[in-house]
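Source file run-v2.txt; content: compact mmCIF, C-alpha atoms.
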```txt
# COMPACT_ATOMS: atom_id res chain seq x y z
CA MET A 1 1.75 9.84 22.23
CA LYS A 2 5.04 8.74 20.66
CA ILE A 3 4.77 7.13 17.23
CA GLY A 4 7.24 4.89 15.41
CA LEU A 5 7.39 4.45 11.65
CA ILE A 6 9.20 1.60 9.92
CA GLY A 7 9.31 1.92 6.13
CA THR A 8 9.70 5.37 4.61
CA GLY A 9 9.06 4.78 0.93
CA MET A 10 6.63 7.03 -0.92
CA LEU A 11 3.62 6.16 1.23
CA GLY A 12 5.45 5.87 4.54
CA ASN A 13 7.24 9.16 4.00
CA ALA A 14 3.97 10.98 3.28
CA ILE A 15 2.29 9.48 6.35
CA GLY A 16 5.29 10.46 8.48
CA ILE A 17 5.32 14.06 7.24
CA HIS A 18 1.61 14.36 7.98
CA LEU A 19 2.03 12.98 11.50
CA LEU A 20 4.87 15.41 12.22
CA HIS A 21 2.78 18.32 10.94
CA SER A 22 -0.07 17.06 13.16
CA GLY A 23 2.11 17.39 16.26
CA TYR A 24 3.17 13.79 16.89
CA GLN A 25 6.67 12.79 18.04
CA LEU A 26 8.04 10.42 15.42
CA THR A 27 10.87 7.88 15.50
CA VAL A 28 11.68 6.34 12.12
CA PHE A 29 13.70 3.52 10.59
CA ASN A 30 14.26 2.57 6.98
CA ARG A 31 16.70 0.05 5.62
CA THR A 32 17.87 2.65 3.08
CA SER A 33 18.72 5.60 5.29
CA ASP A 34 18.61 8.26 2.57
CA LYS A 35 14.83 7.77 2.43
CA THR A 36 14.57 9.22 5.95
CA ILE A 37 16.21 12.57 5.12
CA GLU A 38 13.00 14.54 4.54
CA LEU A 39 11.45 13.19 7.73
CA GLU A 40 14.54 14.06 9.74
CA LYS A 41 14.48 17.60 8.36
CA ASN A 42 10.87 17.88 9.54
CA GLY A 43 11.72 16.80 13.07
CA ALA A 44 11.69 13.00 13.13
CA CYS A 45 14.27 11.06 15.14
CA VAL A 46 16.03 8.59 12.84
CA VAL A 47 17.34 5.38 14.44
CA SER A 48 19.37 2.48 13.11
CA THR A 49 17.18 -0.53 14.04
CA PRO A 50 13.48 -1.48 14.37
CA LYS A 51 14.29 -2.41 17.98
CA GLU A 52 15.04 1.24 18.74
CA VAL A 53 11.77 2.27 17.12
CA GLY A 54 9.93 -0.08 19.47
CA GLU A 55 11.81 1.16 22.51
CA ASN A 56 10.94 4.80 21.78
CA SER A 57 7.31 4.45 20.67
CA ASP A 58 3.84 3.79 22.05
CA ILE A 59 2.56 2.73 18.62
CA VAL A 60 4.72 1.46 15.76
CA ILE A 61 3.43 1.72 12.18
CA ILE A 62 4.92 -0.70 9.65
CA VAL A 63 4.76 0.26 5.95
CA VAL A 64 7.12 -2.15 4.15
CA LYS A 65 7.15 -4.02 0.87
CA ASP A 66 5.92 -7.53 1.69
CA ALA A 67 5.41 -10.25 4.30
CA ASN A 68 9.11 -11.13 4.37
CA ALA A 69 9.98 -7.52 5.15
CA VAL A 70 7.32 -7.39 7.89
CA ASN A 71 8.78 -10.54 9.44
CA HIS A 72 12.31 -9.14 9.24
CA VAL A 73 11.60 -5.83 10.95
CA SER A 74 9.31 -7.46 13.50
CA PHE A 75 10.91 -10.69 14.67
CA GLU A 76 14.43 -11.09 13.32
CA LYS A 77 17.67 -9.60 14.71
CA ASP A 78 17.08 -6.16 16.27
CA GLY A 79 13.39 -6.43 15.37
CA ILE A 80 10.51 -4.63 17.05
CA VAL A 81 9.92 -7.40 19.58
CA TYR A 82 13.39 -6.81 21.07
CA GLY A 83 12.37 -3.23 21.84
CA ASN A 84 9.21 -4.37 23.59
CA HIS A 85 7.81 -2.51 26.57
CA LYS A 86 4.49 -2.45 28.39
CA GLY A 87 1.61 -1.26 26.24
CA LEU A 88 3.43 -1.38 22.88
CA ILE A 89 1.08 -1.61 19.88
CA VAL A 90 2.00 -2.40 16.26
CA CYS A 91 -0.12 -1.26 13.29
CA ASP A 92 0.79 -3.05 10.06
CA MET A 93 -0.08 -1.04 6.92
CA SER A 94 1.82 -3.31 4.55
CA THR A 95 -0.13 -5.29 1.94
CA ILE A 96 0.31 -8.95 2.88
CA ASN A 97 -1.50 -12.28 2.83
CA PRO A 98 -4.11 -12.40 5.64
CA ILE A 99 -2.68 -15.76 6.72
CA ASN A 100 0.68 -14.06 7.34
CA SER A 101 -1.10 -11.30 9.24
CA LYS A 102 -2.87 -13.73 11.57
CA ASN A 103 0.44 -15.48 12.24
CA ASN A 104 2.15 -12.17 12.94
CA ALA A 105 -0.58 -11.15 15.40
CA GLU A 106 -0.05 -14.41 17.30
CA LYS A 107 3.73 -13.98 17.34
CA PHE A 108 3.43 -10.42 18.63
CA SER A 109 0.96 -11.63 21.27
CA ASN A 110 3.57 -14.11 22.49
CA HIS A 111 5.70 -11.05 23.29
CA ASP A 112 2.75 -9.24 24.97
CA ILE A 113 2.48 -6.84 22.02
CA SER A 114 -0.92 -6.02 20.50
CA MET A 115 -1.13 -5.84 16.70
CA LEU A 116 -3.69 -4.32 14.38
CA ASP A 117 -3.99 -4.84 10.62
CA THR A 118 -4.29 -1.31 9.21
CA PRO A 119 -3.85 -1.41 5.41
CA VAL A 120 -4.93 1.70 3.52
CA MET A 121 -6.23 2.81 0.17
CA GLY A 122 -4.75 5.91 -1.45
CA GLY A 123 -1.28 7.07 -2.39
CA PRO A 124 1.19 9.60 -1.03
CA ASN A 125 -0.73 12.43 -2.71
CA VAL A 126 -3.61 11.93 -0.26
CA ALA A 127 -1.58 10.53 2.66
CA ILE A 128 0.24 13.86 2.99
CA ASN A 129 -3.10 15.42 3.99
CA GLY A 130 -4.38 12.55 6.13
CA GLU A 131 -6.97 11.56 3.55
CA LEU A 132 -6.35 7.83 3.22
CA ILE A 133 -9.08 5.20 3.61
CA MET A 134 -8.16 2.62 6.23
CA MET A 135 -9.31 -0.91 6.95
CA ALA A 136 -8.53 -2.14 10.47
CA SER A 137 -8.89 -5.48 12.22
CA GLY A 138 -7.71 -7.10 15.43
CA ASN A 139 -8.59 -6.55 19.08
CA LYS A 140 -11.36 -3.95 19.47
CA ASN A 141 -9.91 -2.48 22.67
CA THR A 142 -6.56 -2.03 20.94
CA PHE A 143 -8.32 -0.39 18.01
CA ASP A 144 -10.16 2.00 20.32
CA SER A 145 -6.90 3.02 22.00
CA CYS A 146 -5.40 3.87 18.57
CA LYS A 147 -8.49 5.51 17.09
CA LYS A 148 -7.27 9.10 17.48
CA LEU A 149 -4.04 8.30 15.62
CA LEU A 150 -5.83 6.33 12.90
CA ASP A 151 -8.30 9.18 12.41
CA THR A 152 -5.34 11.50 11.89
CA ILE A 153 -4.02 9.28 9.10
CA ALA A 154 -7.33 8.49 7.38
CA THR A 155 -10.61 10.29 6.67
CA LYS A 156 -12.50 6.99 7.00
CA VAL A 157 -11.51 4.04 9.18
CA PHE A 158 -13.46 0.79 8.89
CA PHE A 159 -13.11 -1.64 11.80
CA LEU A 160 -13.71 -5.10 10.37
CA GLY A 161 -13.31 -7.56 13.23
CA GLU A 162 -10.80 -10.31 13.75
CA SER A 163 -7.16 -10.24 12.66
CA GLY A 164 -6.58 -10.84 8.96
CA THR A 165 -9.90 -9.40 7.81
CA ALA A 166 -8.52 -5.99 6.87
CA HIS A 167 -5.75 -7.51 4.75
CA SER A 168 -8.34 -9.71 3.01
CA ILE A 169 -10.35 -6.63 2.01
CA LYS A 170 -7.16 -4.81 1.00
CA LEU A 171 -6.31 -7.60 -1.45
CA ALA A 172 -9.84 -7.43 -2.89
CA MET A 173 -9.44 -3.66 -3.27
CA ASN A 174 -6.11 -3.97 -5.05
CA LEU A 175 -7.70 -6.47 -7.39
CA GLN A 176 -10.11 -3.69 -8.41
CA ILE A 177 -7.16 -1.38 -9.11
CA THR A 178 -5.53 -4.09 -11.22
CA MET A 179 -8.58 -4.69 -13.39
CA LEU A 180 -9.49 -1.01 -13.77
CA ALA A 181 -5.98 -0.12 -14.92
CA LEU A 182 -6.06 -2.92 -17.48
CA ALA A 183 -9.57 -2.06 -18.70
CA ILE A 184 -8.77 1.63 -19.20
CA SER A 185 -5.42 0.80 -20.83
CA GLU A 186 -6.97 -1.67 -23.26
CA GLY A 187 -9.79 0.77 -24.06
CA ILE A 188 -7.23 3.47 -24.87
CA THR A 189 -5.18 1.00 -26.91
CA LEU A 190 -8.25 -0.13 -28.86
CA THR A 191 -9.33 3.42 -29.74
CA ARG A 192 -5.78 4.33 -30.76
CA GLY A 193 -5.69 1.26 -32.96
CA MET A 194 -8.84 2.51 -34.67
CA ASN A 195 -7.24 5.95 -35.23
CA ILE A 196 -9.59 7.62 -32.74
CA ASN A 197 -8.34 10.18 -30.24
CA PRO A 198 -8.47 8.39 -26.86
CA GLU A 199 -9.68 11.64 -25.26
CA THR A 200 -12.99 10.97 -26.98
CA PHE A 201 -13.21 7.55 -25.34
CA LEU A 202 -12.39 9.03 -21.92
CA GLU A 203 -14.84 11.92 -22.23
CA ILE A 204 -17.66 9.54 -23.08
CA LEU A 205 -16.63 7.03 -20.40
CA ASN A 206 -16.62 9.77 -17.77
CA SER A 207 -20.12 10.82 -18.84
CA THR A 208 -21.50 7.42 -17.93
CA TYR A 209 -22.25 5.20 -14.93
CA PHE A 210 -19.00 3.36 -15.68
CA LYS A 211 -16.66 6.23 -14.83
CA THR A 212 -14.20 5.72 -11.97
CA GLY A 213 -11.79 7.82 -9.97
CA MET A 214 -9.06 6.35 -12.13
CA SER A 215 -10.76 7.29 -15.41
CA GLU A 216 -11.37 10.81 -14.14
CA ASN A 217 -8.07 11.49 -12.35
CA LYS A 218 -5.38 9.37 -13.99
CA ALA A 219 -6.50 8.42 -17.46
CA PHE A 220 -5.79 11.78 -19.12
CA LYS A 221 -2.24 11.65 -17.72
CA MET A 222 -1.93 8.13 -19.08
CA ILE A 223 -2.67 9.17 -22.67
CA GLN A 224 0.04 11.83 -22.32
CA ASP A 225 2.54 9.12 -21.25
CA ASN A 226 2.70 10.64 -17.77
CA PHE A 227 3.33 7.72 -15.43
CA GLU A 228 4.89 9.48 -12.47
CA PRO A 229 4.44 6.87 -9.74
CA THR A 230 2.18 7.13 -6.73
CA PHE A 231 2.19 3.32 -6.54
CA THR A 232 4.60 1.47 -8.81
CA LEU A 233 3.71 -1.17 -11.35
CA GLU A 234 6.16 -3.62 -9.75
CA ASN A 235 4.51 -3.15 -6.36
CA LEU A 236 1.09 -3.83 -7.81
CA LYS A 237 2.52 -6.91 -9.51
CA LYS A 238 3.75 -8.06 -6.07
CA ASP A 239 0.24 -7.59 -4.68
CA ILE A 240 -1.30 -9.55 -7.57
CA ASN A 241 1.08 -12.40 -6.68
CA THR A 242 -0.19 -12.19 -3.09
CA ILE A 243 -3.81 -12.26 -4.28
CA SER A 244 -3.04 -15.39 -6.30
CA GLN A 245 -1.40 -17.08 -3.33
CA ALA A 246 -4.31 -16.21 -1.05
CA SER A 247 -6.93 -17.44 -3.52
CA LYS A 248 -5.00 -20.67 -4.08
CA SER A 249 -4.83 -21.33 -0.33
CA LEU A 250 -8.63 -20.94 -0.19
CA GLY A 251 -9.21 -23.23 -3.17
CA LEU A 252 -10.59 -20.38 -5.26
CA GLU A 253 -10.26 -20.00 -9.03
CA LEU A 254 -9.77 -16.39 -10.19
CA PRO A 255 -9.11 -16.68 -13.93
CA MET A 256 -8.80 -12.95 -14.65
CA THR A 257 -6.35 -12.53 -11.76
CA LYS A 258 -4.23 -15.28 -13.26
CA LYS A 259 -4.14 -13.51 -16.62
CA ALA A 260 -3.48 -10.11 -15.03
CA GLU A 261 -0.58 -11.62 -13.09
CA GLU A 262 0.94 -12.78 -16.38
CA VAL A 263 0.50 -9.37 -18.05
CA TYR A 264 2.03 -7.43 -15.14
CA GLU A 265 4.87 -9.93 -14.83
CA ASN A 266 5.72 -9.40 -18.50
CA ALA A 267 5.52 -5.62 -18.09
CA VAL A 268 8.03 -5.74 -15.24
CA LYS A 269 10.34 -7.95 -17.31
CA GLU A 270 10.14 -5.39 -20.14
CA GLY A 271 11.37 -2.65 -17.80
CA PHE A 272 8.13 -0.87 -16.85
CA GLY A 273 8.20 -1.78 -13.16
CA LYS A 274 9.30 1.62 -11.83
CA LEU A 275 6.44 3.46 -13.56
CA ASP A 276 3.11 4.10 -11.91
CA TYR A 277 0.89 1.01 -12.08
CA THR A 278 -1.07 2.75 -14.85
CA GLY A 279 2.12 2.38 -16.88
CA ILE A 280 0.64 -0.93 -17.96
CA LEU A 281 -0.60 1.25 -20.85
CA ALA A 282 3.01 1.91 -21.86
CA TYR A 283 3.62 -1.83 -21.95
CA LEU A 284 0.56 -2.36 -24.18
CA LYS A 285 1.77 0.46 -26.40
CA LYS A 286 5.11 -1.31 -26.81
CA ILE A 287 3.78 -4.77 -27.57
CA ASN A 288 1.37 -3.26 -30.13
CA LYS A 289 4.25 -1.32 -31.73
CA MET A 290 2.47 2.00 -31.35
CA VAL A 291 4.55 5.17 -31.68
```
Represent the supplied structure as structure tokens.
Amino acid sequence: MKIGLIGTGMLGNAIGIHLLHSGYQLTVFNRTSDKTIELEKNGACVVSTPKEVGENSDIVIIVVKDANAVNHVSFEKDGIVYGNHKGLIVCDMSTINPINSKNNAEKFSNHDISMLDTPVMGGPNVAINGELIMMASGNKNTFDSCKKLLDTIATKVFFLGESGTAHSIKLAMNLQITMLALAISEGITLTRGMNINPETFLEILNSTYFKTGMSENKAFKMIQDNFEPTFTLENLKKDINTISQASKSLGLELPMTKKAEEVYENAVKEGFGKLDYTGILAYLKKINKMV
């Protein structure tokens, strides 16, 4: 089976390396070509347009920044649809509004291309070993035909039904990330403000029911000002914007999301966008004038 990969940022690159090491043929495209160098060194074929990815692949995986980028690589000049051939399938791992996803599925269908929503949880550190968690939705027969590939990428794959469902759950999951990062960061900031070593707070937190993967695996790096990105603060801010747009279209009021959107927006404006999303702690440290 020949696989295409469009979008070779941190996550896409890790997924691509894992697929190559798993024996798949891989054709890749990225708008910034220097982000394909590692994949090319590991055996990927680098091409200059999404159209060429479509022409040379049975399944094309999209891992790009947002809905506009998905639309560009899919339907605009030299997009995937212009490299269409019988049996082509597209798996979209980007984090986008479920309304956009449903529209994209319909547009691909008009070109006789099947599309699955396949967003994932987990960063490049787990993607490199095929240990992501995947949510999938779309046509069940299409899903079944891709199952072997999806099981290579993820340790758990949840099929959730009709198109758009997986992206809805992905937004709800990223909302959890948003709130957990803020809660841990404000807890650390509060204990620091009281002249208490934040390690004490974390040790007690991790001894309770309220511990999380984030408090166990990232929080101790956070208090050491280690914000090496696995998922950038600016990308999470983008996803919070998408959550707000989706909730507004449904007539839902999410007051904490609205406040979180404001906090992350300010953090990006203050220059923290390229840090890991847990770098929201660094922003709180700055506005509280902590050394």
- Query: Which value, in Å to one decimal, gives the distance between atom CA of Val263 of chain A and atom CA of Pro98 of chain A?
  - Reply: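 Distance between the two atoms: 24.3 Å.
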Nearest to Ser101 of chain A, restricted to all atoms listed in the file and choosing among A:Gly164, A:Gly4, A:Pro119, A:Gly87, comes out as A:Gly164
Name the closest residue to Ala166 of chain A among the candidates A:Ser94, A:Glu199, A:Asn235, A:Gln224; distances are taken between atoms, counting all atoms listed in the file.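 The answer is A:Ser94, which sits nearest to Ala166 of chain A.
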Next on the checklist: Taking 4 positions as the minimum chain separation for residues in the same chain, which residues sit within 9 Å of Lys86 of chain A when counting only C-alpha atoms? Answer as number ranges by chain.
Outcome noted: A: 58, 112-113
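The environment of Leu202 of chain A within 8 Å, counting all atoms listed in the file and disregarding residues fewer than 4 places along the same chain, consists of Pro198, Asn206, Ser215, Ala219 and Phe220 of chain A.
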Exercise for the section: Name the residues, using the chain letters and numbers of the file, that sit within 12 Å of (3.7, -17.0, 11.7) when counting all atoms listed in the file, and give them as a VMD selection string. Expected result: chain A and resid 67 to 68 70 to 72 74 to 75 97 to 110
Give me the residues within 8 Å of Ile17 of chain A as a PyMOL selection string, counting only C-alpha atoms and dropping any in the same chain fewer than 6 places off.
chain A and resi 39+42+128
Using all atoms listed in the file for the distances, tell me which of A:Lys221, A:Lys156, A:Lys65, A:Lys147 is nearest to Ala282 of chain A.
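Closest residue, counting all atoms listed in the file: A:Lys221.
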